[in-house]
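Content type compact mmCIF, N, CA and C atoms, from the file work-v1.txt:
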```txt
# COMPACT_ATOMS: atom_id res chain seq x y z
N GLN A 1 -14.02 10.97 -11.34
CA GLN A 1 -14.18 9.86 -10.41
C GLN A 1 -12.82 9.27 -10.08
N VAL A 2 -12.56 9.15 -8.79
CA VAL A 2 -11.27 8.63 -8.35
C VAL A 2 -11.23 7.12 -8.57
N GLN A 3 -10.12 6.67 -9.12
CA GLN A 3 -9.92 5.24 -9.32
C GLN A 3 -8.54 4.87 -8.80
N LEU A 4 -8.49 3.80 -8.03
CA LEU A 4 -7.24 3.29 -7.46
C LEU A 4 -7.10 1.84 -7.89
N VAL A 5 -6.01 1.53 -8.56
CA VAL A 5 -5.81 0.18 -9.08
C VAL A 5 -4.50 -0.37 -8.54
N GLU A 6 -4.60 -1.38 -7.70
CA GLU A 6 -3.43 -2.00 -7.10
C GLU A 6 -2.96 -3.17 -7.95
N SER A 7 -1.66 -3.42 -7.91
CA SER A 7 -1.10 -4.55 -8.65
C SER A 7 0.21 -4.98 -8.00
N GLY A 8 0.69 -6.15 -8.42
CA GLY A 8 1.98 -6.63 -7.97
C GLY A 8 1.94 -7.76 -6.97
N GLY A 9 0.77 -8.06 -6.45
CA GLY A 9 0.68 -9.14 -5.48
C GLY A 9 0.81 -10.51 -6.13
N GLN A 10 1.36 -11.44 -5.36
CA GLN A 10 1.49 -12.81 -5.86
C GLN A 10 1.87 -13.73 -4.72
N LEU A 11 2.01 -15.00 -5.03
CA LEU A 11 2.49 -15.98 -4.06
C LEU A 11 4.00 -15.85 -3.94
N VAL A 12 4.48 -15.76 -2.73
CA VAL A 12 5.91 -15.62 -2.49
C VAL A 12 6.30 -16.48 -1.28
N GLN A 13 7.50 -16.98 -1.28
CA GLN A 13 7.98 -17.81 -0.18
C GLN A 13 8.36 -16.94 1.02
N PRO A 14 8.30 -17.49 2.20
CA PRO A 14 8.74 -16.73 3.38
C PRO A 14 10.16 -16.20 3.20
N GLY A 15 10.35 -14.97 3.61
CA GLY A 15 11.64 -14.32 3.43
C GLY A 15 11.78 -13.59 2.12
N GLY A 16 10.82 -13.75 1.25
CA GLY A 16 10.88 -13.14 -0.07
C GLY A 16 10.51 -11.67 -0.07
N SER A 17 10.54 -11.10 -1.27
CA SER A 17 10.25 -9.68 -1.46
C SER A 17 9.23 -9.49 -2.56
N LEU A 18 8.51 -8.38 -2.47
CA LEU A 18 7.56 -7.99 -3.50
C LEU A 18 7.49 -6.47 -3.53
N ARG A 19 7.13 -5.94 -4.71
CA ARG A 19 6.83 -4.52 -4.79
C ARG A 19 5.42 -4.35 -5.34
N LEU A 20 4.60 -3.71 -4.57
CA LEU A 20 3.24 -3.42 -4.98
C LEU A 20 3.18 -2.02 -5.60
N SER A 21 2.26 -1.87 -6.54
CA SER A 21 2.04 -0.57 -7.17
C SER A 21 0.57 -0.20 -7.08
N CYS A 22 0.32 1.09 -7.07
CA CYS A 22 -1.05 1.59 -7.07
C CYS A 22 -1.11 2.75 -8.06
N GLN A 23 -1.92 2.57 -9.09
CA GLN A 23 -2.11 3.63 -10.09
C GLN A 23 -3.37 4.41 -9.72
N ALA A 24 -3.19 5.69 -9.49
CA ALA A 24 -4.32 6.55 -9.13
C ALA A 24 -4.73 7.42 -10.30
N SER A 25 -6.01 7.68 -10.41
CA SER A 25 -6.52 8.57 -11.45
C SER A 25 -7.75 9.29 -10.92
N GLY A 26 -8.07 10.42 -11.54
CA GLY A 26 -9.26 11.17 -11.15
C GLY A 26 -9.07 12.07 -9.95
N LEU A 27 -7.84 12.30 -9.54
CA LEU A 27 -7.57 13.17 -8.41
C LEU A 27 -6.23 13.86 -8.61
N THR A 28 -6.03 14.93 -7.88
CA THR A 28 -4.73 15.61 -7.89
C THR A 28 -3.85 14.84 -6.92
N PHE A 29 -3.24 13.80 -7.43
CA PHE A 29 -2.55 12.81 -6.59
C PHE A 29 -1.52 13.46 -5.67
N GLY A 30 -0.76 14.36 -6.19
CA GLY A 30 0.31 14.97 -5.42
C GLY A 30 -0.15 15.87 -4.29
N ALA A 31 -1.44 16.08 -4.17
CA ALA A 31 -1.97 16.93 -3.11
C ALA A 31 -2.36 16.14 -1.87
N TYR A 32 -2.32 14.83 -1.94
CA TYR A 32 -2.85 14.01 -0.85
C TYR A 32 -1.80 13.11 -0.21
N ASP A 33 -1.87 13.04 1.12
CA ASP A 33 -1.16 11.97 1.83
C ASP A 33 -1.82 10.66 1.42
N MET A 34 -0.99 9.66 1.16
CA MET A 34 -1.52 8.37 0.71
C MET A 34 -1.06 7.27 1.65
N ALA A 35 -1.70 6.11 1.52
CA ALA A 35 -1.38 5.01 2.44
C ALA A 35 -1.66 3.66 1.80
N TRP A 36 -1.04 2.68 2.37
CA TRP A 36 -1.34 1.28 2.07
C TRP A 36 -2.06 0.68 3.27
N TYR A 37 -3.00 -0.17 2.97
CA TYR A 37 -3.77 -0.90 3.97
C TYR A 37 -3.77 -2.37 3.57
N ARG A 38 -4.12 -3.22 4.52
CA ARG A 38 -4.25 -4.63 4.18
C ARG A 38 -5.35 -5.28 5.00
N GLN A 39 -5.87 -6.34 4.43
CA GLN A 39 -6.91 -7.10 5.12
C GLN A 39 -6.58 -8.57 4.99
N ALA A 40 -6.27 -9.17 6.14
CA ALA A 40 -5.96 -10.59 6.18
C ALA A 40 -7.25 -11.40 6.18
N PRO A 41 -7.17 -12.67 5.81
CA PRO A 41 -8.36 -13.51 5.82
C PRO A 41 -9.03 -13.50 7.18
N GLY A 42 -10.30 -13.19 7.20
CA GLY A 42 -11.05 -13.17 8.45
C GLY A 42 -10.81 -11.97 9.33
N GLY A 43 -9.97 -11.04 8.86
CA GLY A 43 -9.62 -9.89 9.68
C GLY A 43 -10.21 -8.59 9.15
N GLU A 44 -9.96 -7.53 9.89
CA GLU A 44 -10.41 -6.22 9.45
C GLU A 44 -9.29 -5.53 8.67
N ARG A 45 -9.68 -4.58 7.86
CA ARG A 45 -8.69 -3.82 7.12
C ARG A 45 -7.86 -2.99 8.10
N GLU A 46 -6.54 -3.00 7.93
CA GLU A 46 -5.66 -2.27 8.82
C GLU A 46 -4.70 -1.41 8.02
N TRP A 47 -4.31 -0.32 8.64
CA TRP A 47 -3.33 0.58 8.04
C TRP A 47 -1.94 -0.05 8.11
N VAL A 48 -1.16 0.08 7.04
CA VAL A 48 0.18 -0.51 6.97
C VAL A 48 1.25 0.58 6.94
N ALA A 49 1.08 1.55 6.06
CA ALA A 49 2.10 2.59 5.90
C ALA A 49 1.48 3.80 5.23
N SER A 50 2.07 4.96 5.46
CA SER A 50 1.57 6.17 4.82
C SER A 50 2.73 7.07 4.42
N ILE A 51 2.43 7.96 3.50
CA ILE A 51 3.45 8.87 2.98
C ILE A 51 2.81 10.23 2.74
N SER A 52 3.55 11.27 3.07
CA SER A 52 3.03 12.62 2.90
C SER A 52 2.89 12.96 1.41
N ALA A 53 2.14 14.02 1.14
CA ALA A 53 1.86 14.39 -0.25
C ALA A 53 3.13 14.59 -1.08
N PRO A 54 4.12 15.34 -0.56
CA PRO A 54 5.33 15.50 -1.36
C PRO A 54 6.28 14.30 -1.27
N GLY A 55 6.00 13.39 -0.34
CA GLY A 55 6.81 12.19 -0.23
C GLY A 55 7.95 12.26 0.74
N PHE A 56 8.01 13.30 1.55
CA PHE A 56 9.15 13.46 2.46
C PHE A 56 8.98 12.73 3.79
N GLU A 57 7.75 12.49 4.19
CA GLU A 57 7.50 11.85 5.49
C GLU A 57 6.79 10.52 5.29
N THR A 58 7.26 9.52 6.01
CA THR A 58 6.64 8.21 5.95
C THR A 58 6.40 7.70 7.36
N ASN A 59 5.40 6.86 7.49
CA ASN A 59 5.08 6.23 8.76
C ASN A 59 4.68 4.79 8.51
N TYR A 60 4.99 3.93 9.49
CA TYR A 60 4.74 2.50 9.31
C TYR A 60 4.10 1.91 10.56
N ALA A 61 3.28 0.91 10.32
CA ALA A 61 2.80 0.10 11.43
C ALA A 61 3.98 -0.65 12.03
N LEU A 62 3.93 -0.88 13.33
CA LEU A 62 5.04 -1.56 14.00
C LEU A 62 5.32 -2.93 13.38
N SER A 63 4.28 -3.57 12.91
CA SER A 63 4.43 -4.93 12.38
C SER A 63 5.24 -4.98 11.08
N VAL A 64 5.38 -3.84 10.39
CA VAL A 64 6.09 -3.85 9.12
C VAL A 64 7.30 -2.92 9.12
N GLU A 65 7.47 -2.13 10.16
CA GLU A 65 8.57 -1.17 10.19
C GLU A 65 9.91 -1.88 10.06
N GLY A 66 10.74 -1.35 9.18
CA GLY A 66 12.04 -1.95 8.93
C GLY A 66 12.03 -2.99 7.83
N ARG A 67 10.85 -3.41 7.41
CA ARG A 67 10.74 -4.39 6.33
C ARG A 67 10.06 -3.82 5.09
N PHE A 68 9.15 -2.91 5.29
CA PHE A 68 8.39 -2.32 4.17
C PHE A 68 8.84 -0.88 3.95
N THR A 69 8.79 -0.46 2.69
CA THR A 69 9.10 0.93 2.34
C THR A 69 8.03 1.46 1.40
N ILE A 70 7.41 2.55 1.80
CA ILE A 70 6.40 3.20 0.95
C ILE A 70 7.07 4.34 0.20
N SER A 71 6.67 4.51 -1.05
CA SER A 71 7.20 5.60 -1.86
C SER A 71 6.15 6.00 -2.88
N ARG A 72 6.42 7.11 -3.57
CA ARG A 72 5.46 7.58 -4.55
C ARG A 72 6.16 8.32 -5.69
N ASP A 73 5.50 8.34 -6.82
CA ASP A 73 5.95 9.11 -7.98
C ASP A 73 4.79 10.01 -8.38
N ASN A 74 4.82 11.24 -7.93
CA ASN A 74 3.69 12.14 -8.18
C ASN A 74 3.53 12.50 -9.65
N ALA A 75 4.60 12.45 -10.39
CA ALA A 75 4.52 12.75 -11.82
C ALA A 75 3.73 11.69 -12.57
N LYS A 76 3.74 10.48 -12.04
CA LYS A 76 3.05 9.36 -12.70
C LYS A 76 1.82 8.89 -11.94
N ASN A 77 1.49 9.57 -10.86
CA ASN A 77 0.33 9.19 -10.04
C ASN A 77 0.45 7.75 -9.53
N LEU A 78 1.64 7.39 -9.10
CA LEU A 78 1.89 6.02 -8.64
C LEU A 78 2.32 6.01 -7.18
N LEU A 79 1.82 5.02 -6.47
CA LEU A 79 2.20 4.74 -5.10
C LEU A 79 2.80 3.35 -5.07
N TYR A 80 3.86 3.17 -4.28
CA TYR A 80 4.55 1.88 -4.22
C TYR A 80 4.65 1.39 -2.79
N LEU A 81 4.77 0.07 -2.66
CA LEU A 81 5.10 -0.53 -1.37
C LEU A 81 6.11 -1.64 -1.63
N GLN A 82 7.34 -1.39 -1.23
CA GLN A 82 8.39 -2.40 -1.32
C GLN A 82 8.35 -3.22 -0.04
N MET A 83 8.21 -4.51 -0.19
CA MET A 83 8.10 -5.40 0.97
C MET A 83 9.25 -6.40 0.95
N ARG A 84 9.91 -6.51 2.08
CA ARG A 84 11.02 -7.45 2.22
C ARG A 84 10.81 -8.28 3.46
N GLY A 85 11.50 -9.42 3.54
CA GLY A 85 11.38 -10.26 4.71
C GLY A 85 9.96 -10.70 4.99
N LEU A 86 9.26 -11.06 3.94
CA LEU A 86 7.84 -11.40 4.10
C LEU A 86 7.65 -12.68 4.90
N GLY A 87 6.62 -12.68 5.70
CA GLY A 87 6.26 -13.84 6.49
C GLY A 87 4.79 -14.17 6.29
N PRO A 88 4.37 -15.34 6.74
CA PRO A 88 2.96 -15.74 6.58
C PRO A 88 1.98 -14.71 7.14
N GLU A 89 2.42 -13.98 8.17
CA GLU A 89 1.54 -12.98 8.78
C GLU A 89 1.28 -11.80 7.85
N ASP A 90 2.02 -11.68 6.77
CA ASP A 90 1.83 -10.61 5.80
C ASP A 90 0.82 -11.00 4.72
N THR A 91 0.36 -12.23 4.75
CA THR A 91 -0.64 -12.66 3.79
C THR A 91 -1.91 -11.84 3.96
N ALA A 92 -2.34 -11.20 2.88
CA ALA A 92 -3.50 -10.30 2.95
C ALA A 92 -3.78 -9.75 1.56
N VAL A 93 -4.92 -9.12 1.44
CA VAL A 93 -5.20 -8.29 0.28
C VAL A 93 -4.74 -6.88 0.62
N TYR A 94 -3.93 -6.31 -0.23
CA TYR A 94 -3.36 -4.98 0.01
C TYR A 94 -4.09 -3.94 -0.84
N TYR A 95 -4.40 -2.82 -0.20
CA TYR A 95 -5.12 -1.73 -0.85
C TYR A 95 -4.37 -0.42 -0.67
N CYS A 96 -4.54 0.46 -1.62
CA CYS A 96 -4.06 1.83 -1.43
C CYS A 96 -5.26 2.75 -1.31
N ASN A 97 -5.08 3.86 -0.64
CA ASN A 97 -6.11 4.87 -0.52
C ASN A 97 -5.49 6.09 0.15
N GLY A 98 -6.30 7.12 0.32
CA GLY A 98 -5.79 8.28 1.02
C GLY A 98 -5.57 7.97 2.49
N ARG A 99 -4.71 8.74 3.13
CA ARG A 99 -4.46 8.55 4.56
C ARG A 99 -5.51 9.26 5.40
N HIS A 100 -5.86 10.46 5.05
CA HIS A 100 -6.82 11.23 5.85
C HIS A 100 -8.17 11.36 5.14
N GLN A 101 -8.16 11.18 3.87
CA GLN A 101 -9.40 11.16 3.08
C GLN A 101 -9.37 9.92 2.21
N THR A 102 -10.41 9.13 2.31
CA THR A 102 -10.46 7.91 1.50
C THR A 102 -11.52 8.03 0.42
N TRP A 103 -11.28 7.31 -0.65
CA TRP A 103 -12.21 7.23 -1.77
C TRP A 103 -12.70 5.80 -1.89
N VAL A 104 -13.40 5.52 -2.98
CA VAL A 104 -13.90 4.16 -3.18
C VAL A 104 -12.71 3.21 -3.24
N TRP A 105 -12.80 2.14 -2.49
CA TRP A 105 -11.70 1.18 -2.44
C TRP A 105 -11.61 0.40 -3.74
N GLY A 106 -10.36 0.18 -4.18
CA GLY A 106 -10.12 -0.66 -5.33
C GLY A 106 -10.29 -2.13 -4.97
N GLN A 107 -9.95 -2.98 -5.90
CA GLN A 107 -10.09 -4.42 -5.67
C GLN A 107 -8.94 -4.98 -4.84
N GLY A 108 -7.88 -4.23 -4.73
CA GLY A 108 -6.74 -4.71 -3.97
C GLY A 108 -5.91 -5.70 -4.76
N THR A 109 -4.81 -6.09 -4.17
CA THR A 109 -3.94 -7.08 -4.79
C THR A 109 -3.55 -8.11 -3.72
N GLN A 110 -3.67 -9.37 -4.07
CA GLN A 110 -3.49 -10.46 -3.11
C GLN A 110 -2.00 -10.77 -2.95
N VAL A 111 -1.57 -10.76 -1.72
CA VAL A 111 -0.22 -11.21 -1.37
C VAL A 111 -0.36 -12.46 -0.50
N THR A 112 0.25 -13.53 -0.95
CA THR A 112 0.22 -14.78 -0.20
C THR A 112 1.65 -15.21 0.08
N VAL A 113 1.96 -15.38 1.35
CA VAL A 113 3.30 -15.80 1.75
C VAL A 113 3.21 -17.21 2.28
N SER A 114 3.78 -18.13 1.54
CA SER A 114 3.67 -19.54 1.90
C SER A 114 4.76 -20.32 1.20
N SER A 115 5.20 -21.39 1.88
CA SER A 115 6.19 -22.28 1.25
C SER A 115 5.49 -23.43 0.56
```
As a first step, turn the structure in this file into structure tokens.
Amino acid sequence: QVQLVESGGQLVQPGGSLRLSCQASGLTFGAYDMAWYRQAPGGEREWVASISAPGFETNYALSVEGRFTISRDNAKNLLYLQMRGLGPEDTAVYYCNGRHQTWVWGQGTQVTVSS
């Protein structure tokens, strides 16, 4: 059974930085393109960034390009999202999942950007 556990979210001031982590289990992690998604209060879940299975290719939503960096450690089944220059518009619950194939969604990790 695939399990995705996100962590690292917290309250941060505008302009601050955070690194989110996602621990995956129950799958051959290194075989899948992975992604981060987020859901803002009252909004729908949206794609944020994705990374190819070996980690060589990344893609970002326009709203985060240049501020967020997605990475992965296939040896440890970990997915990361480094976030910089955070603004209130980044406030959301962040989730990890596959890019082209999704599994049961984890609980996500709350990121709140506020002064």
May I have the residues within 8 Å of stretch 89-92 of chain A as a compact mmCIF listing (two decimals) with N, CA and C atoms, in the frame of the given file, using all atoms listed in the file and disregarding those fewer than 3 positions away in the same chain?
```
# COMPACT_ATOMS: atom_id res chain seq x y z
N TYR A 37 -3.00 -0.17 2.97
CA TYR A 37 -3.77 -0.90 3.97
C TYR A 37 -3.77 -2.37 3.57
N ARG A 38 -4.12 -3.22 4.52
CA ARG A 38 -4.25 -4.63 4.18
C ARG A 38 -5.35 -5.28 5.00
N GLN A 39 -5.87 -6.34 4.43
CA GLN A 39 -6.91 -7.10 5.12
C GLN A 39 -6.58 -8.57 4.99
N ALA A 40 -6.27 -9.17 6.14
CA ALA A 40 -5.96 -10.59 6.18
C ALA A 40 -7.25 -11.40 6.18
N PRO A 41 -7.17 -12.67 5.81
CA PRO A 41 -8.36 -13.51 5.82
C PRO A 41 -9.03 -13.50 7.18
N LEU A 86 9.26 -11.06 3.94
CA LEU A 86 7.84 -11.40 4.10
C LEU A 86 7.65 -12.68 4.90
N TYR A 95 -4.40 -2.82 -0.20
CA TYR A 95 -5.12 -1.73 -0.85
C TYR A 95 -4.37 -0.42 -0.67
N GLY A 108 -7.88 -4.23 -4.73
CA GLY A 108 -6.74 -4.71 -3.97
C GLY A 108 -5.91 -5.70 -4.76
N THR A 109 -4.81 -6.09 -4.17
CA THR A 109 -3.94 -7.08 -4.79
C THR A 109 -3.55 -8.11 -3.72
N GLN A 110 -3.67 -9.37 -4.07
CA GLN A 110 -3.49 -10.46 -3.11
C GLN A 110 -2.00 -10.77 -2.95
N VAL A 111 -1.57 -10.76 -1.72
CA VAL A 111 -0.22 -11.21 -1.37
C VAL A 111 -0.36 -12.46 -0.50
N THR A 112 0.25 -13.53 -0.95
CA THR A 112 0.22 -14.78 -0.20
C THR A 112 1.65 -15.21 0.08
N VAL A 113 1.96 -15.38 1.35
CA VAL A 113 3.30 -15.80 1.75
C VAL A 113 3.21 -17.21 2.28
N SER A 114 3.78 -18.13 1.54
CA SER A 114 3.67 -19.54 1.90
C SER A 114 4.76 -20.32 1.20
```
Exercise. If you measure from atom CA of A:Leu18 to atom CA of A:Ala53, what distance in Å do you get, rounded to one decimal?
Worked result: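 Between atom CA of A:Leu18 and atom CA of A:Ala53 the gap is 23.3 Å.
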Problem set entry | DSSP strand (DSSP E or B) residues within chain A, listed as a count of residues only | 55
Exercise. Taking into account only C-alpha atoms, which residue in the set A:Arg67, A:Asp73, A:Ser115, A:Gly106 is nearest to A:Ser17?
Worked result: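 Checking each candidate against A:Ser17, we get A:Arg67 as the closest.
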Problem set entry | Shell of 7 Å around A:Ala31, all atoms listed in the file, local chain residues under 2 positions omitted, as a PyMOL selection string | chain A and resi 27-29+33+52-54
For this session: Would you kindly return, as a ChimeraX atom specification, each protein, DNA or RNA residue with an atom no farther than 7 Å from any atom of A:Cys22, considering all atoms listed in the file and excluding same-chain residues fewer than 3 positions away?
Result: /A:4-7,77-81,96
Exercise. By how many Å are atom N of A:Met83 and atom CA of A:His100 apart?
Worked result: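 Answer for the atom N of A:Met83 to atom CA of A:His100 separation: 22.6 Å.
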For this session: Identify all residues of chain A in helix (DSSP H, G or I) (DSSP on the backbone) and supply them as a ChimeraX atom specification.
Result: /A:29-31,88-90
For this session: Tell me, in Å to one decimal, how far atom N of A:Arg72 is from atom N of A:Arg45.
Result: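 Taking atom N of A:Arg72 as the start and atom N of A:Arg45 as the end point, the length is 22.9 Å.
Shortest atom-to-atom contact with A:Gly30 among A:Gln107, A:Gln82, A:Thr102, A:Asn74: A:Asn74, counting all atoms listed in the file.
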For this session: For A:Asn59, list every protein, DNA or RNA residue within 6 Å, evaluated using all atoms listed in the file, and leave out those in the same chain fewer than 5 positions away; present the list as a list in words.
Result: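 Residues near the query, excluding close chain neighbours: Val48, Ala49, Ser50 and Ile51 of chain A.
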Atoms to include: N, CA and C atoms. Write the selected residues as a PDB file, keeping the file's coordinate frame.
```pdb
ATOM      1  N   VAL A  48      -1.160   0.080   7.040  1.00  0.00           N
ATOM      2  CA  VAL A  48       0.180  -0.510   6.970  1.00  0.00           C
ATOM      3  C   VAL A  48       1.250   0.580   6.940  1.00  0.00           C
ATOM      4  N   ALA A  49       1.080   1.550   6.060  1.00  0.00           N
ATOM      5  CA  ALA A  49       2.100   2.590   5.900  1.00  0.00           C
ATOM      6  C   ALA A  49       1.480   3.800   5.230  1.00  0.00           C
ATOM      7  N   SER A  50       2.070   4.960   5.460  1.00  0.00           N
ATOM      8  CA  SER A  50       1.570   6.170   4.820  1.00  0.00           C
ATOM      9  C   SER A  50       2.730   7.070   4.420  1.00  0.00           C
ATOM     10  N   ILE A  51       2.430   7.960   3.500  1.00  0.00           N
ATOM     11  CA  ILE A  51       3.450   8.870   2.980  1.00  0.00           C
ATOM     12  C   ILE A  51       2.810  10.230   2.740  1.00  0.00           C
TER      13      ILE A  51
END
```
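If you measure from each of A:Gln1, A:Asn97, A:Gln10, A:Thr69 to A:Gly85 using only C-alpha atoms, the closest one turns out to be A:Thr69.
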